[in-house]
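Here's the structure, in structure tokens; my notes come after.
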Amino acid sequence: MKKRLMRAAPIAQLKDDLMHLSTMWPSLNPDDYPYEELREIARKINDLTVESRNAALLRRDFFANASHELKTPVTAIKGSAELLRADVPLEESQQRELLQRIEAEAERLHNLINDIIMINRLESGEPAGEKEPVNLDEIVRACVDELRGKIQQNRLRVDLDLEAVSLLANRKNIYELLGNLIVNAVNYTPPGGRVEMHLRMGAQGVIFSIRNDGEPIPPGHQARMFERFYRLDAGRSKSVGGTGLGLAIVKHAVESHGGTIRLESDERVGVLFTVMLPI
């Protein structure tokens with residue numbers, strides 16, 4: 001009986017310490033407990049506490065950034081609508097310009113909301129639906145066709161080297177993955193530049209690479225390119241209609257299929273993304 005009481009006292013101490021963990025102490029000190037079992041529990045609680053705090057910080061930063069990004073197009077739409085309603089004589093060309101601005105900002109708002117919903121689903125691990133055989137080469141060609149107007153407008157050369165590759169995957173995730181990479185490459189290729197895409201079946205899975213003649217990304221920024229709302233050039237990103245979530249969506253879509261993505265960029269290569277998806 002005495003031995004049981006001796007062991008119960010440290011457990012009561014651990015329980016009391018847990019009650020004060022969030023209000024008084026940032027973490028538990030495993031050395032405060034006499035038994036290895038309790039010290040191990042304290043270490044695991046510390047790990048979970050750090051993960052929980054990091055998740056809370058990420059959520060806070062995400063909502064702060066999302067609120068800022070949403071506010072910009074809403075403000076532009078509101079301002080343009082107020083000018084149209086005001087008792088100020090406007091030329092027909094001025095009215096048309098304001099309406100075009102409202103349409104463009106509404107489209108940007110629509111894209112941003114869709115991207116926020118998508119990345120929230122991917123990060124939460126929520127399944128997107130059943131997997132099915134997906135022809136990746138067909139999706140690549142469809143994405144390029146959707147951008148044909150912009151490609152021709154900027155006189156871009158697009159070279160496709162695509163094997164007929166099928167993968168058991170979620171179609172929506174694959175479309176978001178490939179579509180965002182292709183849109184990113186087209187948007188950041190200078191007029192008259194070149195975009196190259198290669199798709200093949202490798203020894204370990206499907207390999208898709210996309211390279212463009214865009215301005216090289218400095219080494220110090222490359223690791224951050226997949227962060228939510230991170231922009232190397234904020235002004236340029238907004239001018240081409242970027243939401244700041246495209247590459248973050250790509251990363252999560254790749255990881256949801258157990259794959260990997262690599263970024264290489266220098267004066268010789270330009271900007272190169274390589275995706276590997278296991279069979």
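In the structure tokens, each chain is lettered A, B, ... as it comes, each chain's residues begin at 1, and ligands are numbered from 1 in order of appearance.
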
Alpha helix (DSSP H) call set, DSSP backbone run, segment 154-219 of chain A, as a ChimeraX atom specification:
/A:171-187,219

Residues near Ile116 of chain A, cut-off 10 Å, only C-alpha atoms, skip fewer than 2 positions along chain, as a list in words
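Contacts, in chain order: Phe62, Ala66, Asn111, Leu112, Ile113, Asn114, Met118, Ile119, Asn120, Arg121, Leu122, Arg228, Thr243, Leu245, Gly246 and Ile249 of chain A.
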
Long-range neighbours of segment 173-175 of chain A as number ranges by chain, 9 Å cut-off, only C-alpha atoms, 5 positions minimum in chain:
A: 122, 128, 134, 136, 139-140, 143, 180, 249-250, 253-254, 256-257

State, in Å with one decimal place, the distance from atom CA of Glu176 of chain A to atom CA of Lys71 of chain A.
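About the pair atom CA of Glu176 of chain A and atom CA of Lys71 of chain A: they are 24.6 Å apart.
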
Which parts of segment 127-212 of chain A does DSSP call strand (DSSP E or B) when run on the backbone here, written out as number ranges by chain?
A: 132-135, 157-162, 166-169, 194-201, 205-212

Export of prior selection with C-alpha atoms as an mmCIF file, in the first residue's frame:
```
data_model
loop_
_atom_site.group_PDB
_atom_site.id
_atom_site.type_symbol
_atom_site.label_atom_id
_atom_site.label_comp_id
_atom_site.auth_asym_id
_atom_site.auth_seq_id
_atom_site.Cartn_x
_atom_site.Cartn_y
_atom_site.Cartn_z
ATOM 1 C CA GLU A 132 -9.080 6.653 -60.666
ATOM 2 C CA PRO A 133 -6.810 6.100 -63.667
ATOM 3 C CA VAL A 134 -5.704 9.570 -64.767
ATOM 4 C CA ASN A 135 -3.964 10.305 -68.083
ATOM 5 C CA ARG A 157 7.446 28.930 -77.359
ATOM 6 C CA VAL A 158 6.013 25.885 -75.563
ATOM 7 C CA ASP A 159 7.782 22.559 -76.170
ATOM 8 C CA LEU A 160 5.993 19.391 -75.034
ATOM 9 C CA ASP A 161 7.768 16.045 -74.698
ATOM 10 C CA LEU A 162 5.034 13.880 -73.203
ATOM 11 C CA SER A 166 -1.595 6.921 -66.664
ATOM 12 C CA LEU A 167 -1.587 7.035 -62.878
ATOM 13 C CA LEU A 168 -4.079 5.873 -60.251
ATOM 14 C CA ALA A 169 -4.734 9.168 -58.492
ATOM 15 C CA ARG A 194 10.411 29.379 -73.830
ATOM 16 C CA VAL A 195 8.604 26.831 -71.639
ATOM 17 C CA GLU A 196 9.572 23.152 -71.754
ATOM 18 C CA MET A 197 7.596 20.253 -70.287
ATOM 19 C CA HIS A 198 8.655 16.622 -70.059
ATOM 20 C CA LEU A 199 6.564 13.688 -68.853
ATOM 21 C CA ARG A 200 7.782 10.121 -68.620
ATOM 22 C CA MET A 201 7.567 6.937 -66.614
ATOM 23 C CA GLY A 205 7.287 6.468 -60.762
ATOM 24 C CA VAL A 206 5.997 9.248 -62.978
ATOM 25 C CA ILE A 207 8.350 12.183 -63.540
ATOM 26 C CA PHE A 208 7.058 15.556 -64.734
ATOM 27 C CA SER A 209 9.425 18.482 -65.223
ATOM 28 C CA ILE A 210 8.689 22.010 -66.355
ATOM 29 C CA ARG A 211 11.318 24.634 -67.137
ATOM 30 C CA ASN A 212 10.939 28.239 -68.204
#
```

Kindly give the distance, in Å, that separates atom CA of Gly270 of chain A and atom CA of Asn184 of chain A, rounded to a single decimal.
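Atom CA of Gly270 of chain A sits 13.2 Å away from atom CA of Asn184 of chain A.
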
Would you pick out the contacts of segment 99-109 of chain A at 10 Å or less, using only C-alpha atoms, so that residues sharing its chain but fewer than 4 positions from it are not included, and give the list as a CSV table (one decimal) with C-alpha atoms, in the first residue's frame?
```csv
chain,number,residue,atom,x,y,z
A,69,GLU,CA,-5.3,39.3,-49.6
A,70,LEU,CA,-9.1,39.3,-49.6
A,71,LYS,CA,-9.3,42.9,-48.5
A,72,THR,CA,-7.4,44.2,-51.6
A,73,PRO,CA,-9.9,43.1,-54.3
A,74,VAL,CA,-12.9,43.9,-52.1
A,75,THR,CA,-11.6,47.4,-51.6
A,76,ALA,CA,-11.0,47.8,-55.4
A,77,ILE,CA,-14.5,46.6,-56.2
A,78,LYS,CA,-16.1,48.8,-53.6
A,79,GLY,CA,-14.3,51.9,-54.8
A,80,SER,CA,-15.1,51.3,-58.4
A,81,ALA,CA,-18.8,50.7,-57.6
A,84,LEU,CA,-20.1,54.5,-60.8
A,93,SER,CA,-14.6,54.9,-71.6
A,94,GLN,CA,-14.2,55.7,-67.9
A,95,GLN,CA,-17.3,53.7,-67.1
A,113,ILE,CA,-11.3,31.9,-52.4
A,114,ASN,CA,-11.1,28.7,-54.5
A,115,ASP,CA,-7.4,28.4,-53.7
A,238,LYS,CA,-0.4,40.6,-58.4
A,241,GLY,CA,-3.1,37.5,-61.2
A,242,GLY,CA,-1.3,35.3,-58.8
A,243,THR,CA,-2.9,34.5,-55.4
```

When you draw a straight line from atom CA of Ile117 of chain A to atom CA of Lys251 of chain A, how long is it in Å?
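Taking atom CA of Ile117 of chain A and atom CA of Lys251 of chain A, their separation equals 15.3 Å.
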
So which residues touch Ala248 of chain A within 9 Å, counting only C-alpha atoms, skipping near sequence neighbours fewer than 4 positions away, as a ChimeraX atom specification?
/A:119,225-230,244,252-253
